[in-house]
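Visitor: Structure in structure tokens, see below.
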Amino acid sequence: YTKKYPEPEIDKTIDFLKSKGYIDDIQFTKLYIQSEIVKKGKLPALVKAKLLHKWVDKAIIDEIMWSKEEEMNAGVHDRIRKEIEKYKK
């Protein structure tokens, strides 16, 4: 069963959680990009689409991707290199 909450109550709760640091889109986006692109080498466009699907603001995503551009490029290149090595064997 689902319980309906009034919109102002939802907004108040979200603001409270943000003020306590439990909801932090910037930190979440930084960690997600670090994990998915830099470490795993996933394509930035796919990661951006997933973040947008999670309702992260496009401006936040763009800013963080811009600041981590070199790290992201290195992660993607490393993944490509590893994939190529697999086929050489």
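To be explicit about the labels: the chains of the structure tokens are called A, B, and onward in the order shown, and within each one the residues are counted from 1, while ligands get numbers from 1 in the order they are shown.
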Just the residues within 9 Å of region 47-54 of chain A, please, counting only C-alpha atoms, with nothing from its chain fewer than 5 positions along; format it as a PyMOL selection string.
Guide: chain A and resi 29+32-33+36-37+42+61-62+65
Visitor: Could you give me, as a list of chain:residue names, the residues within 10 Å of Asp25 (chain A), counting only C-alpha atoms and dropping anything in the same chain fewer than 3 positions from it?
Guide: A:Lys18, A:Gly21, A:Tyr22, A:Phe28, A:Thr29, A:Lys30, A:Leu31, A:Leu51, A:Lys54, A:Trp55, A:Val56, A:Asp57, A:Ile60, A:Ile61
Visitor: Would you output that residue set with N, CA and C atoms, as a PDB file, in the first residue's frame?
Guide:
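Contents of selection-v9.pdb, as written:
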ATOM      1  N   LYS A  18      19.033  17.303   2.901  1.00  0.00           N
ATOM      2  CA  LYS A  18      20.131  18.005   2.229  1.00  0.00           C
ATOM      3  C   LYS A  18      20.960  18.800   3.232  1.00  0.00           C
ATOM      4  N   GLY A  21      23.381  16.706   4.954  1.00  0.00           N
ATOM      5  CA  GLY A  21      24.373  16.059   4.104  1.00  0.00           C
ATOM      6  C   GLY A  21      24.005  14.657   3.656  1.00  0.00           C
ATOM      7  N   TYR A  22      22.777  14.239   3.906  1.00  0.00           N
ATOM      8  CA  TYR A  22      22.360  12.905   3.493  1.00  0.00           C
ATOM      9  C   TYR A  22      22.006  12.852   2.012  1.00  0.00           C
ATOM     10  N   PHE A  28      27.547  12.853  -4.873  1.00  0.00           N
ATOM     11  CA  PHE A  28      27.102  11.634  -5.541  1.00  0.00           C
ATOM     12  C   PHE A  28      27.618  11.587  -6.977  1.00  0.00           C
ATOM     13  N   THR A  29      27.494  12.709  -7.692  1.00  0.00           N
ATOM     14  CA  THR A  29      27.921  12.761  -9.090  1.00  0.00           C
ATOM     15  C   THR A  29      29.423  12.562  -9.209  1.00  0.00           C
ATOM     16  N   LYS A  30      30.196  13.204  -8.338  1.00  0.00           N
ATOM     17  CA  LYS A  30      31.659  13.022  -8.356  1.00  0.00           C
ATOM     18  C   LYS A  30      32.030  11.558  -8.159  1.00  0.00           C
ATOM     19  N   LEU A  31      31.437  10.923  -7.164  1.00  0.00           N
ATOM     20  CA  LEU A  31      31.747   9.522  -6.879  1.00  0.00           C
ATOM     21  C   LEU A  31      31.280   8.598  -8.000  1.00  0.00           C
ATOM     22  N   LEU A  51      22.912   9.445 -15.018  1.00  0.00           N
ATOM     23  CA  LEU A  51      22.784  10.480 -13.984  1.00  0.00           C
ATOM     24  C   LEU A  51      21.539  11.336 -14.222  1.00  0.00           C
ATOM     25  N   LYS A  54      18.617   9.653 -13.031  1.00  0.00           N
ATOM     26  CA  LYS A  54      18.531   9.696 -11.564  1.00  0.00           C
ATOM     27  C   LYS A  54      18.188  11.102 -11.070  1.00  0.00           C
ATOM     28  N   TRP A  55      17.792  11.978 -11.974  1.00  0.00           N
ATOM     29  CA  TRP A  55      17.355  13.350 -11.676  1.00  0.00           C
ATOM     30  C   TRP A  55      18.472  14.263 -11.170  1.00  0.00           C
ATOM     31  N   VAL A  56      19.717  13.972 -11.546  1.00  0.00           N
ATOM     32  CA  VAL A  56      20.800  14.893 -11.223  1.00  0.00           C
ATOM     33  C   VAL A  56      20.756  16.024 -12.240  1.00  0.00           C
ATOM     34  N   ASP A  57      20.910  17.241 -11.777  1.00  0.00           N
ATOM     35  CA  ASP A  57      20.846  18.418 -12.634  1.00  0.00           C
ATOM     36  C   ASP A  57      21.943  18.370 -13.694  1.00  0.00           C
ATOM     37  N   ILE A  60      25.156  20.315 -13.002  1.00  0.00           N
ATOM     38  CA  ILE A  60      26.074  19.658 -12.064  1.00  0.00           C
ATOM     39  C   ILE A  60      26.904  18.617 -12.798  1.00  0.00           C
ATOM     40  N   ILE A  61      26.245  17.811 -13.609  1.00  0.00           N
ATOM     41  CA  ILE A  61      26.944  16.767 -14.365  1.00  0.00           C
ATOM     42  C   ILE A  61      27.997  17.390 -15.278  1.00  0.00           C
TER      43      ILE A  61
END
Visitor: Of the residues A:Arg81, A:Lys68, A:Lys3, A:Lys89, which is the one nearest to Pro44 (chain A), using only C-alpha atoms?
Guide: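 Of the candidates, the smallest distance to Pro44 (chain A) is held by A:Lys68.
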Visitor: Find the distance between CA of Gly41 (chain A) and CA of Lys82 (chain A) and write it in Å to one decimal.
Guide: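 Between CA of Gly41 (chain A) and CA of Lys82 (chain A) the gap works out to 10.0 Å.
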Visitor: Taking the chain letters and numbering used in this document, name the residues of chain A that DSSP puts in helix (DSSP H, G or I), as a ChimeraX atom specification.
Guide: /A:7-19,25-39,44-53,58-67,69-88
Visitor: Between CA of Ala59 (chain A) and CA of Glu7 (chain A), what is the distance in Å, rounded to a tenth?
Guide: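 For CA of Ala59 (chain A) relative to CA of Glu7 (chain A), the distance reads 24.9 Å.
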Visitor: Record the distance separating CA of Ser67 (chain A) and CA of Gln27 (chain A), expressed in Å with one decimal.
Guide: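 CA of Gln27 (chain A) lies 13.4 Å from CA of Ser67 (chain A).
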